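Some notes on the structure that comes next.
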Amino acid sequence: MNLDALVSNTKQHLGHGIDVASDLLVDHALGCEVIMTNGQSYLDLTSGIGVTSTGHCHPKIVQAVQDQVAKMSHAQINLFYNRPLLTLIQRLRRYTGSLDTFCFNNSGSEAVESAIKLARQATNRPNVIVFYGGHHGRTMGAMALSAPTNIYNAALGSHMPGVYYVDFPDTVHCAARDTPGHSAEHCIQNVMHQLDTLFKQRSQSNDIAAVLIEPVLGEGGYLAAPPGFFQCLRAVCDAHGILLIADEVQTGFGRTGRMFAMEHWGVEPDILVMAKGIASGYPLSAIASRKALMDTLPPGSMGGTYAGNIISCSAAVATLNVFEQERLLNNVQARSVQLLRRLHADLPGVLPPMIQVDIRGLGLMIGLEFIHAPLGFAQRITQYSRDRHRLLLLTASVYETLRLIPPLVIDAASMDAAVDRLVAAVRDVVQ
Ligand code: PMP
């Protein structure tokens with residue numbers, strides 16, 4: 001069967017629940033380029049949704065994985081210790097402060113659920129506070145913790161009980177944003193007030209196990225919490241014995257210019273959830289917490305058949321080697337400055353006067369919201385960039401927002417090429 005026929009004859013047998021953006025058939029990938037079976041090469045500003053931070057097929061990751069595959073593919077975490085897993089724990093400890101104890105899973109959703117299990121066990125409290133706009137995954141528990149109008153949060157009957165929502169401190173869409181004198185401080189106060197009301201009217205604070213939050217909303221539109229917010233949230237949690245869980249599945253591993261985004265606010269969570277960038281594309285996720293909290297879990301209550309897979313752990317150790325040896329965080333900061341400068345200089349000029357662009361985010365987690373744009377505008381830009389300019393982009397699931405999440409190894413020339421192609425695609429769409 002030729003390759004076009006392979007796609008057209010088979011795609012209807014892939015369940016609709018998995019949404020595929022194009023009919024492209026991928027063959028291989030290297031660095032920031034993804035190459036299709038027809039030989040065409042695409043510049044990748046998606047990193048496989050924030051995963052391949054070290055670029056596709058980084059030689060050090062490939063070598064580590066090949067070496068490990070030849071030795072053992074499945075060590076099973078419940079049977080014995082293995083060197084990649086223990087080395088990974090040692091290496092992660094350099095970045096996780098007092099959160100020195102780890103549990104492993106395969107995906108972000110599972111790790112989120114592990115974090116909730118830990119919080120409930122450690123506090124002996126049932127309820128959880130989450131934020132509108134949040135996305136924590138597609139499994140039943142993670143879905144129940146995600147924003148209620150999120151496309152992933154389907155009406156599948158009853159969800160996990162005891163989940164309460166408050167507003168994310170969104171300084172961009174805040175209703176009072178254009179009121180004179182309004183500031184990020186008001187936005188923070190609004191959230192604090194909602195928490196206070198929640199404790200008085202909906203769930204006593206001593207029934208709340210945890211507050212679960214993404215430091216920068218991912219699917220919810222690449223909105224970073226304002227300066228000072230996490231200090232206030234930490235204080236509320238401490239005052240009420242509530243655990244603070246940072247979902248750094250998308251923001252972690254250098255994406256925002258720091259190893260973990262919470263470092264921007266100088267606040268340590270009680271539980272840190274990580275996945276995506278941890279292992280350059282090999283399935284792995286983890287939670288980190290203090291030993292005293294982790295030790296409340298009954299032995300055997302966490303993990304799973306593939307948890308902490310030995311190949312994924314080898315890839316994760318190699319990923320951290322690349323981070324350190326190639327000073328990836330420095331590259332993130334330099335490329336972020338370059339990207340923002342170019343976007344501010346080149347993008348507004350190609351938009352018609354009624355459409356404004358809000359350029360936001362941290363590091364190489366940059367969102368572009370097209371304000372007053374027609375419905376589907378951002379989606380059309382991704383189509384034009386892909387089909388006419390060979391640039392891969394993603395939208396967020398709310399607003400008319402594009403997500404720019406290149407591999408963290410991207411160089412200056414590729415970044416310039418990416419912005420040139422993006423601007424050309426926007427020009428095509430508005431014409
Ligand atoms: N949390 C966040 C912040 C995410 O962005 C995602 C995935 N987009 C998840 C959790 C779920 O991760 P996974 O898809 O690996 O289950």
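Scheme for the structure tokens: letters A, B, ... for chains in order shown; per-chain residue numbers from 1; ligand numbers from 1 in order shown.
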Which residues of chain A have any atom within 9 Å of an atom in ligand 1 when counting only C-alpha atoms and all ligand atoms, and what is the closest pair of atoms for each, with the distance in Å to one decimal? Order the rows by chain and rising number and write it as JSON lines.
```
{"residue": "A:Ile49", "atom": "CA", "partner": "ligand 1", "partner_atom_place_in_ligand_line": "8 (N)", "distance": 7.0}
{"residue": "A:Gly50", "atom": "CA", "partner": "ligand 1", "partner_atom_place_in_ligand_line": "8 (N)", "distance": 8.3}
{"residue": "A:Asn106", "atom": "CA", "partner": "ligand 1", "partner_atom_place_in_ligand_line": "15 (O)", "distance": 7.5}
{"residue": "A:Ser107", "atom": "CA", "partner": "ligand 1", "partner_atom_place_in_ligand_line": "15 (O)", "distance": 3.9}
{"residue": "A:Gly108", "atom": "CA", "partner": "ligand 1", "partner_atom_place_in_ligand_line": "12 (O)", "distance": 3.3}
{"residue": "A:Ser109", "atom": "CA", "partner": "ligand 1", "partner_atom_place_in_ligand_line": "16 (O)", "distance": 3.6}
{"residue": "A:Glu110", "atom": "CA", "partner": "ligand 1", "partner_atom_place_in_ligand_line": "16 (O)", "distance": 6.4}
{"residue": "A:Ala111", "atom": "CA", "partner": "ligand 1", "partner_atom_place_in_ligand_line": "16 (O)", "distance": 8.0}
{"residue": "A:Val112", "atom": "CA", "partner": "ligand 1", "partner_atom_place_in_ligand_line": "10 (C)", "distance": 6.7}
{"residue": "A:Gly134", "atom": "CA", "partner": "ligand 1", "partner_atom_place_in_ligand_line": "3 (C)", "distance": 7.4}
{"residue": "A:His135", "atom": "CA", "partner": "ligand 1", "partner_atom_place_in_ligand_line": "2 (C)", "distance": 5.5}
{"residue": "A:His136", "atom": "CA", "partner": "ligand 1", "partner_atom_place_in_ligand_line": "10 (C)", "distance": 3.7}
{"residue": "A:Gly137", "atom": "CA", "partner": "ligand 1", "partner_atom_place_in_ligand_line": "11 (C)", "distance": 3.6}
{"residue": "A:Arg138", "atom": "CA", "partner": "ligand 1", "partner_atom_place_in_ligand_line": "16 (O)", "distance": 6.2}
{"residue": "A:Thr139", "atom": "CA", "partner": "ligand 1", "partner_atom_place_in_ligand_line": "16 (O)", "distance": 7.4}
{"residue": "A:Ala142", "atom": "CA", "partner": "ligand 1", "partner_atom_place_in_ligand_line": "10 (C)", "distance": 7.6}
{"residue": "A:Ser146", "atom": "CA", "partner": "ligand 1", "partner_atom_place_in_ligand_line": "1 (N)", "distance": 8.9}
{"residue": "A:Ile213", "atom": "CA", "partner": "ligand 1", "partner_atom_place_in_ligand_line": "3 (C)", "distance": 8.4}
{"residue": "A:Glu214", "atom": "CA", "partner": "ligand 1", "partner_atom_place_in_ligand_line": "3 (C)", "distance": 5.9}
{"residue": "A:Pro215", "atom": "CA", "partner": "ligand 1", "partner_atom_place_in_ligand_line": "3 (C)", "distance": 8.8}
{"residue": "A:Val216", "atom": "CA", "partner": "ligand 1", "partner_atom_place_in_ligand_line": "3 (C)", "distance": 8.3}
{"residue": "A:Leu217", "atom": "CA", "partner": "ligand 1", "partner_atom_place_in_ligand_line": "3 (C)", "distance": 7.1}
{"residue": "A:Gly218", "atom": "CA", "partner": "ligand 1", "partner_atom_place_in_ligand_line": "5 (O)", "distance": 5.5}
{"residue": "A:Glu219", "atom": "CA", "partner": "ligand 1", "partner_atom_place_in_ligand_line": "5 (O)", "distance": 6.2}
{"residue": "A:Asp247", "atom": "CA", "partner": "ligand 1", "partner_atom_place_in_ligand_line": "3 (C)", "distance": 5.6}
{"residue": "A:Glu248", "atom": "CA", "partner": "ligand 1", "partner_atom_place_in_ligand_line": "3 (C)", "distance": 6.0}
{"residue": "A:Val249", "atom": "CA", "partner": "ligand 1", "partner_atom_place_in_ligand_line": "2 (C)", "distance": 4.7}
{"residue": "A:Gln250", "atom": "CA", "partner": "ligand 1", "partner_atom_place_in_ligand_line": "5 (O)", "distance": 4.6}
{"residue": "A:Thr251", "atom": "CA", "partner": "ligand 1", "partner_atom_place_in_ligand_line": "3 (C)", "distance": 7.2}
{"residue": "A:Val273", "atom": "CA", "partner": "ligand 1", "partner_atom_place_in_ligand_line": "1 (N)", "distance": 8.2}
{"residue": "A:Met274", "atom": "CA", "partner": "ligand 1", "partner_atom_place_in_ligand_line": "1 (N)", "distance": 8.3}
{"residue": "A:Ala275", "atom": "CA", "partner": "ligand 1", "partner_atom_place_in_ligand_line": "15 (O)", "distance": 6.4}
{"residue": "A:Lys276", "atom": "CA", "partner": "ligand 1", "partner_atom_place_in_ligand_line": "15 (O)", "distance": 6.3}
{"residue": "A:Pro283", "atom": "CA", "partner": "ligand 1", "partner_atom_place_in_ligand_line": "15 (O)", "distance": 8.1}
{"residue": "A:Leu284", "atom": "CA", "partner": "ligand 1", "partner_atom_place_in_ligand_line": "15 (O)", "distance": 8.4}
{"residue": "A:Ser285", "atom": "CA", "partner": "ligand 1", "partner_atom_place_in_ligand_line": "15 (O)", "distance": 7.7}
```
- Task: List every residue of stretch 145-255 of chain A that DSSP, applied to the backbone, labels as helix (DSSP H, G or I), and write the result as a ChimeraX atom specification.
- Result: /A:184-201,205-207,229-240
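Of the listed residues (A:Gly363, A:Pro406, A:Gly133, A:Gly266), A:Pro406 comes nearest to A:Thr54; the distances count only C-alpha atoms.
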- Task: Just give me the gap between atom CA of A:Ala147 and atom CA of A:Val211 in Å, one decimal is fine.
- Result: 13.9 Å
- Message: Ranking A:Ala418, A:Ile61, A:Leu86, A:Val423 by minimum distance to A:His344 and counting only C-alpha atoms, which one comes first?
- Response: A:Val423
- Do you have the atom CA of A:Thr171-atom CA of A:Ser53 distance handy? 28.0 Å
